[in-house]
Each structure stands twice: as structure tokens, then as C-alpha cells.
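One structure below.
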Amino acid sequence: MSATANGLSTLGEGGRTMFPLARRETPRATGRLPATSQLMAPPYELVLPSLEKVPTEHRFSADDRDVIALAEILLRSGIAVVEDWKKSGSEAAKYLFLTLQRWIRDHGGEAIGRRFDLDLTLSDRLVDYSDERGPEGTLYLILDPDSAAFVLLNPTIELLGSANPRLPATFFRHFVGSLNRWVRVYDYRDAEERVEMLREWYEGEENPEQYEVPDIEGCTPQCFKEPSLSLRGLKDLNQRMRNKEVRVLISSLLELCSISRQAKRPEFTEDMGEQLMDSNPPLPCLLAAFSSGDAVVGCFDDEAQTAMETTPHPNLIIPLQLSEPSSIRQGFRTLAVACETLAAASRLIDLMPGNDDGVITLEGQS
């Protein structure tokens, strides 16, 4: 879903059936943040790979019968199309590749790729290099970031605050809340938890006063203490809003909120818990900071140093039960809503002042 946001490739290591995007070294726009290690993203651009060069036996670790069964269900359900079967050369693995590629493209892939750097994985397990698989006949769609998108809030906060003192807190609550339904957003509240943990660590030292912790409270706008409006209150306010720029921002936010609620996140099951027993928290798909280089960014960068010491929990897990075609249809509807939510968030960030950076550009584009 990165770069063109509509292509998936396969990876045959670790016993997983995977569709991460291929990489090649090209210049990338600034303002991107990796989900794991350093603060600024490495100079990679993601491009569509060619499956023809991947031996069939390396494309999938799941049982071939499961691959064929899933392809047949997707075709009968109207999710896959006959045209892609012809393009695949009658190969079930490549047919799934083309189907997922089409599904993402049809549900906001281009908009997603402007801001978000994500992988979609189809797997029979949730942890790389693990012998712990899901129940027989179960596959998982797994959504995770390669790097974290970056949004600056202060310019938007200043604009909204000039129109109504309750708008900044309201905007933040609904913007982050809508995305958090599907993927992890790192914001000042995560940073506050980090600071509290640091304080607990330092209290056990001989001279705890010698340690400084990031000043999250100092960089958090006071207007965030204002009570936020409900969605109904926000709609009513927007109808009376005279500032056109603010009205457009609120309308886009309301669209995001509406889309994100069109499906329920799949329940976390007992077998998922067993596979992810020792996992770290999910990697952030988005860092929401007030300004570039503020204390929130500092906490994010600090946490990123240890994020991959243990396998992170996936951002989104969508189980597919091959014995229940209805669960597969529902799973793909859920994936569609998650994609459309990310696309709506990307469009909203495009409208937020001060966020010209952070756009993923393709090779050959300015």
C-alpha cells in the first residue's frame, strides 16, 4: 500500500504467507518517521514487485489447498474477478496477489499511499519465525507499518482555536479516535505514559533529581483542557461556521469519523493471544506531534530504540475462516473500511495547514 498503495508482493521466509511491498533505494520526501528505529525514514521508495521472478513454491507457506480454497471463495463471493484469473496464468497464488492489489486500489489505495507506509500480509500465523500457527483452516490478513506517517497539529490548532475555543480538543479527539479504531496513533498521551515510566525508573536511582524527563505538559496546548464537542455538536457548529477553511476541515473530519464506524474491528481471540503472548505494543502508523522536534517526538524517538526488541503486536488482524465463506466476505469488508479510513485520514492531513511535508513521492515525480 506504500508508494502507489495498490500493490502487494510475497515473501517466503519465516513460514508466513506474506505480501509486503518490495523496496528500492530512491530519494524520499522528508517528514516521514520510521515505526521502529531512527527518527527520520531511510531513503527508500516502495515499488510494485514482479511475481514472475518468484518461484511458486516460495510464494506461500500455507497449504496449497488453503490458497486454492481462498481463491475460489473470493471468486464466488464477487470479491475476486475472472479477469484477474486470466492475468494470473491460472496460478492461485498470483490470483490472490492481484485480488488484494485490486481491493486496496478500489478502497482508497492512492490516497493512502500519499501519507501512509504500510504492508498487508496474508499469513497462517501472526509471528515471524514461529511454529505457533493459527487453527487449521484459518488465515490472517495483517496490517502493519513500515514507517510512521507524521502530522503536525499546532497550525491546525491555531486555526481552529481562532474560530472556536472548543474546536482544537474536539478535532484532536475525533481525528485520533477514528484512526485508533484501526491502527495505532502515537500522540501526547503515549508520551505522557513514557514520561511516567521514566520517572518510576529514576526514582530507584541514588540521585533521581539529576535526570531530566521530556516536558510533555509544557508542549501540550492549554486549549486541550477545553471540553470537546460530540459529533452532533460538531455538525451543528459547522453549519454555522463562517470561516470556509475551518468548515472544510470539519467536514473532512466528519467524513473520516463516519467511515471509520462502518465496520467493527475483529475481536481478539484466544488463539491470537497465545501466538502473541510475548509481543510488544503495536508499532505506530502515525505520529501526531504538536511541532517538529517537540517533546512528543522526543519520546517517540526514545521508545523507537527498543520497539523491535520483541516482536510487536500487529496493528490490525483480520481472521479468515476457510470453512465459513461469510467470515471471508466480512473480513474483506472490514479491510475495505480500514483502508477507506486511512484514505480519509490522508485526505484530511492534506488539508491541515503546515503539513506539506510527509508526502510519499514516486520516482520521477517532483
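In the C-alpha cells, chains take letters A, B, ... by order of appearance, with residues numbered from 1 within each chain and ligands from 1 in the order shown.
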Excluding same-chain residues fewer than 6 positions from Phe171 (chain A), what lies within 9 Å of it counting only C-alpha atoms, as a ChimeraX atom specification? /A:157,160,228-229,250,253
Please dump the current selection as a PDB file, in the first residue's frame; keep N, CA and C atoms.
ATOM      1  N   ILE A 157      -4.403  23.593  15.153  1.00  0.00           N
ATOM      2  CA  ILE A 157      -4.922  24.012  16.454  1.00  0.00           C
ATOM      3  C   ILE A 157      -5.115  25.524  16.497  1.00  0.00           C
ATOM      4  N   LEU A 160      -8.176  26.475  14.227  1.00  0.00           N
ATOM      5  CA  LEU A 160      -9.457  26.093  14.822  1.00  0.00           C
ATOM      6  C   LEU A 160      -9.755  26.908  16.077  1.00  0.00           C
ATOM      7  N   SER A 228     -14.499  18.724  24.821  1.00  0.00           N
ATOM      8  CA  SER A 228     -14.698  18.539  23.381  1.00  0.00           C
ATOM      9  C   SER A 228     -16.177  18.372  23.063  1.00  0.00           C
ATOM     10  N   LEU A 229     -16.517  18.669  21.820  1.00  0.00           N
ATOM     11  CA  LEU A 229     -17.887  18.548  21.351  1.00  0.00           C
ATOM     12  C   LEU A 229     -18.172  17.131  20.864  1.00  0.00           C
ATOM     13  N   ILE A 250     -13.553  20.667   9.106  1.00  0.00           N
ATOM     14  CA  ILE A 250     -14.529  19.945   9.933  1.00  0.00           C
ATOM     15  C   ILE A 250     -15.322  18.963   9.084  1.00  0.00           C
ATOM     16  N   LEU A 253     -13.217  16.005   8.572  1.00  0.00           N
ATOM     17  CA  LEU A 253     -13.139  15.234   9.814  1.00  0.00           C
ATOM     18  C   LEU A 253     -14.409  14.416  10.021  1.00  0.00           C
TER      19      LEU A 253
END
Please extract the residues of region 216-247 of chain A with a backbone DSSP assignment of helix (DSSP H, G or I) and present them as a PyMOL selection string. chain A and resi 216-219+222-225+231-240+244-247
Could you give me, as a PyMOL selection string, the residues within 12 Å of Gly233 (chain A), counting only C-alpha atoms and dropping anything in the same chain fewer than 2 positions from it? chain A and resi 166-167+170-171+227-231+235-240+250+254
I need the residues of region 87-142 of chain A that end up classed as strand (DSSP E or B) by DSSP on the backbone, written out as a tab-separated table (two decimals) with C-alpha atoms, in the first residue's frame.
chain	number	residue	atom	x	y	z
A	117	ASP	CA	3.73	3.43	4.61
A	118	LEU	CA	2.03	0.08	5.22
A	119	ASP	CA	2.32	-3.63	4.50
A	120	LEU	CA	-0.56	-6.06	4.13
A	121	THR	CA	0.27	-9.67	4.97
A	122	LEU	CA	-1.70	-12.86	4.33
A	123	SER	CA	-0.45	-15.48	6.76
A	138	THR	CA	-7.52	-20.12	9.39
A	139	LEU	CA	-5.59	-17.42	7.56
A	140	TYR	CA	-5.00	-13.84	8.72
A	141	LEU	CA	-4.88	-10.51	6.96
A	142	ILE	CA	-2.38	-8.41	8.92
List the spatial neighbours of region 306-321 of chain A as a PyMOL selection string - criterion: any atom at most 8 Å away, only C-alpha atoms, same-chain residues fewer than 4 positions off excluded. chain A and resi 36-37+126-127+137-144+182-184+266+276+278-283+302+325+327-328+331+334-335
Next, write the just-selected residues to a file, as an mmCIF file, in the first residue's frame, keeping N, CA and C atoms as the atom set.
data_model
loop_
_atom_site.group_PDB
_atom_site.id
_atom_site.type_symbol
_atom_site.label_atom_id
_atom_site.label_comp_id
_atom_site.auth_asym_id
_atom_site.auth_seq_id
_atom_site.Cartn_x
_atom_site.Cartn_y
_atom_site.Cartn_z
ATOM 1 N N THR A 36 10.036 2.080 13.776
ATOM 2 C CA THR A 36 10.843 1.327 14.722
ATOM 3 C C THR A 36 12.078 2.051 15.203
ATOM 4 N N SER A 37 13.076 2.268 14.391
ATOM 5 C CA SER A 37 14.383 2.625 14.937
ATOM 6 C C SER A 37 14.650 4.111 14.959
ATOM 7 N N LEU A 126 0.800 -15.358 13.184
ATOM 8 C CA LEU A 126 0.892 -13.934 13.498
ATOM 9 C C LEU A 126 2.292 -13.470 13.832
ATOM 10 N N VAL A 127 3.224 -14.403 14.023
ATOM 11 C CA VAL A 127 4.589 -14.048 14.411
ATOM 12 C C VAL A 127 5.559 -14.694 13.441
ATOM 13 N N GLY A 137 -7.216 -24.269 8.897
ATOM 14 C CA GLY A 137 -8.199 -23.622 8.042
ATOM 15 C C GLY A 137 -8.366 -22.142 8.310
ATOM 16 N N THR A 138 -7.450 -21.548 9.078
ATOM 17 C CA THR A 138 -7.520 -20.118 9.393
ATOM 18 C C THR A 138 -6.331 -19.386 8.781
ATOM 19 N N LEU A 139 -6.612 -18.334 8.060
ATOM 20 C CA LEU A 139 -5.591 -17.424 7.563
ATOM 21 C C LEU A 139 -5.866 -16.041 8.146
ATOM 22 N N TYR A 140 -4.857 -15.189 8.142
ATOM 23 C CA TYR A 140 -4.999 -13.845 8.716
ATOM 24 C C TYR A 140 -4.563 -12.795 7.703
ATOM 25 N N LEU A 141 -5.333 -11.734 7.599
ATOM 26 C CA LEU A 141 -4.882 -10.513 6.959
ATOM 27 C C LEU A 141 -4.320 -9.615 8.050
ATOM 28 N N ILE A 142 -3.075 -9.167 7.881
ATOM 29 C CA ILE A 142 -2.380 -8.408 8.922
ATOM 30 C C ILE A 142 -1.897 -7.092 8.328
ATOM 31 N N LEU A 143 -2.263 -5.993 8.973
ATOM 32 C CA LEU A 143 -1.870 -4.666 8.508
ATOM 33 C C LEU A 143 -0.880 -4.064 9.487
ATOM 34 N N ASP A 144 0.278 -3.623 8.975
ATOM 35 C CA ASP A 144 1.323 -3.052 9.829
ATOM 36 C C ASP A 144 2.110 -1.997 9.065
ATOM 37 N N TRP A 182 -8.545 1.505 14.086
ATOM 38 C CA TRP A 182 -7.984 0.553 13.139
ATOM 39 C C TRP A 182 -6.476 0.397 13.258
ATOM 40 N N VAL A 183 -5.763 1.479 13.516
ATOM 41 C CA VAL A 183 -4.303 1.425 13.612
ATOM 42 C C VAL A 183 -3.863 2.275 14.803
ATOM 43 N N ARG A 184 -2.602 2.121 15.188
ATOM 44 C CA ARG A 184 -2.102 2.852 16.346
ATOM 45 C C ARG A 184 -1.599 4.242 15.951
ATOM 46 N N PRO A 266 -12.281 -6.640 14.246
ATOM 47 C CA PRO A 266 -12.425 -8.044 14.647
ATOM 48 C C PRO A 266 -11.996 -8.270 16.092
ATOM 49 N N LEU A 276 0.624 -14.371 20.339
ATOM 50 C CA LEU A 276 1.241 -13.061 20.601
ATOM 51 C C LEU A 276 1.521 -12.846 22.088
ATOM 52 N N ASP A 278 4.090 -12.932 23.990
ATOM 53 C CA ASP A 278 5.262 -12.156 24.405
ATOM 54 C C ASP A 278 5.512 -10.944 23.513
ATOM 55 N N SER A 279 4.478 -10.420 22.889
ATOM 56 C CA SER A 279 4.661 -9.334 21.934
ATOM 57 C C SER A 279 4.721 -7.970 22.601
ATOM 58 N N ASN A 280 5.452 -7.061 21.950
ATOM 59 C CA ASN A 280 5.470 -5.656 22.333
ATOM 60 C C ASN A 280 4.209 -4.961 21.808
ATOM 61 N N PRO A 281 3.940 -3.717 22.235
ATOM 62 C CA PRO A 281 2.807 -2.975 21.671
ATOM 63 C C PRO A 281 2.954 -2.794 20.162
ATOM 64 N N PRO A 282 1.859 -2.521 19.468
ATOM 65 C CA PRO A 282 1.940 -2.315 18.018
ATOM 66 C C PRO A 282 2.838 -1.131 17.666
ATOM 67 N N LEU A 283 3.462 -1.193 16.501
ATOM 68 C CA LEU A 283 4.226 -0.051 16.004
ATOM 69 C C LEU A 283 3.268 1.041 15.541
ATOM 70 N N ASP A 302 12.685 7.986 21.457
ATOM 71 C CA ASP A 302 13.269 7.208 22.552
ATOM 72 C C ASP A 302 12.667 5.806 22.600
ATOM 73 N N PRO A 325 -17.358 -19.162 4.440
ATOM 74 C CA PRO A 325 -17.224 -18.109 3.430
ATOM 75 C C PRO A 325 -17.742 -16.756 3.890
ATOM 76 N N SER A 327 -17.346 -15.431 6.762
ATOM 77 C CA SER A 327 -16.303 -14.750 7.525
ATOM 78 C C SER A 327 -15.278 -14.115 6.600
ATOM 79 N N ILE A 328 -15.082 -14.715 5.435
ATOM 80 C CA ILE A 328 -14.137 -14.145 4.467
ATOM 81 C C ILE A 328 -14.733 -12.904 3.820
ATOM 82 N N GLY A 331 -14.501 -10.306 6.384
ATOM 83 C CA GLY A 331 -13.115 -9.892 6.553
ATOM 84 C C GLY A 331 -12.687 -8.885 5.504
ATOM 85 N N THR A 334 -14.302 -5.600 6.151
ATOM 86 C CA THR A 334 -13.575 -4.928 7.225
ATOM 87 C C THR A 334 -12.296 -4.292 6.707
ATOM 88 N N LEU A 335 -11.563 -5.016 5.869
ATOM 89 C CA LEU A 335 -10.353 -4.460 5.277
ATOM 90 C C LEU A 335 -10.678 -3.221 4.447
#
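Computed from the coordinates, the CA of Gly134 (chain A) to CA of Phe332 (chain A) distance equals 18.7 Å.
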Could you state the separation of CA of Gly354 (chain A) and CA of Leu152 (chain A) in Å, given to one decimal place?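 Between these atoms lies a distance of 6.7 Å.
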A straight line from CA of Val246 (chain A) to CA of Arg347 (chain A) spans 14.8 Å
Have a look at A:Glu226, A:Glu303, A:Asp294, A:Asp350 and name the one nearest to Asn164 (chain A); count only C-alpha atoms. A:Glu226
Rank nothing, just name the residue among A:Phe224, A:Glu132, A:Asn355, A:Phe116 nearest to Arg173 (chain A), using only C-alpha atoms.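 Checking each of A:Phe224, A:Glu132, A:Asn355, A:Phe116 against Arg173 (chain A), counting only C-alpha atoms, the winner is A:Phe224.
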Here is a test: counting only C-alpha atoms, which residue of A:Val359, A:Ala111, A:Ala148, A:Ile68 is nearest to Cys285 (chain A)?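 That would be A:Ala148, the residue with the smallest distance to Cys285 (chain A).
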Can I get the residues of region 215-243 of chain A within 12 Å of region 193-204 of chain A, each with the closest pair of atoms and their distance in Å to one decimal, using only C-alpha atoms, sorted chain first then ascending number, as CSV?
residue,atom,partner,partner_atom,distance
A:Asp215,CA,A:Val195,CA,8.4
A:Ile216,CA,A:Val195,CA,8.0
A:Glu217,CA,A:Val195,CA,10.3
For a quick check of understanding, using only C-alpha atoms, which of A:Gln275, A:Ser326, A:Thr220, A:Ser292 has the smallest distance to Arg133 (chain A)?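 Result for the nearest residue to Arg133 (chain A): A:Gln275.
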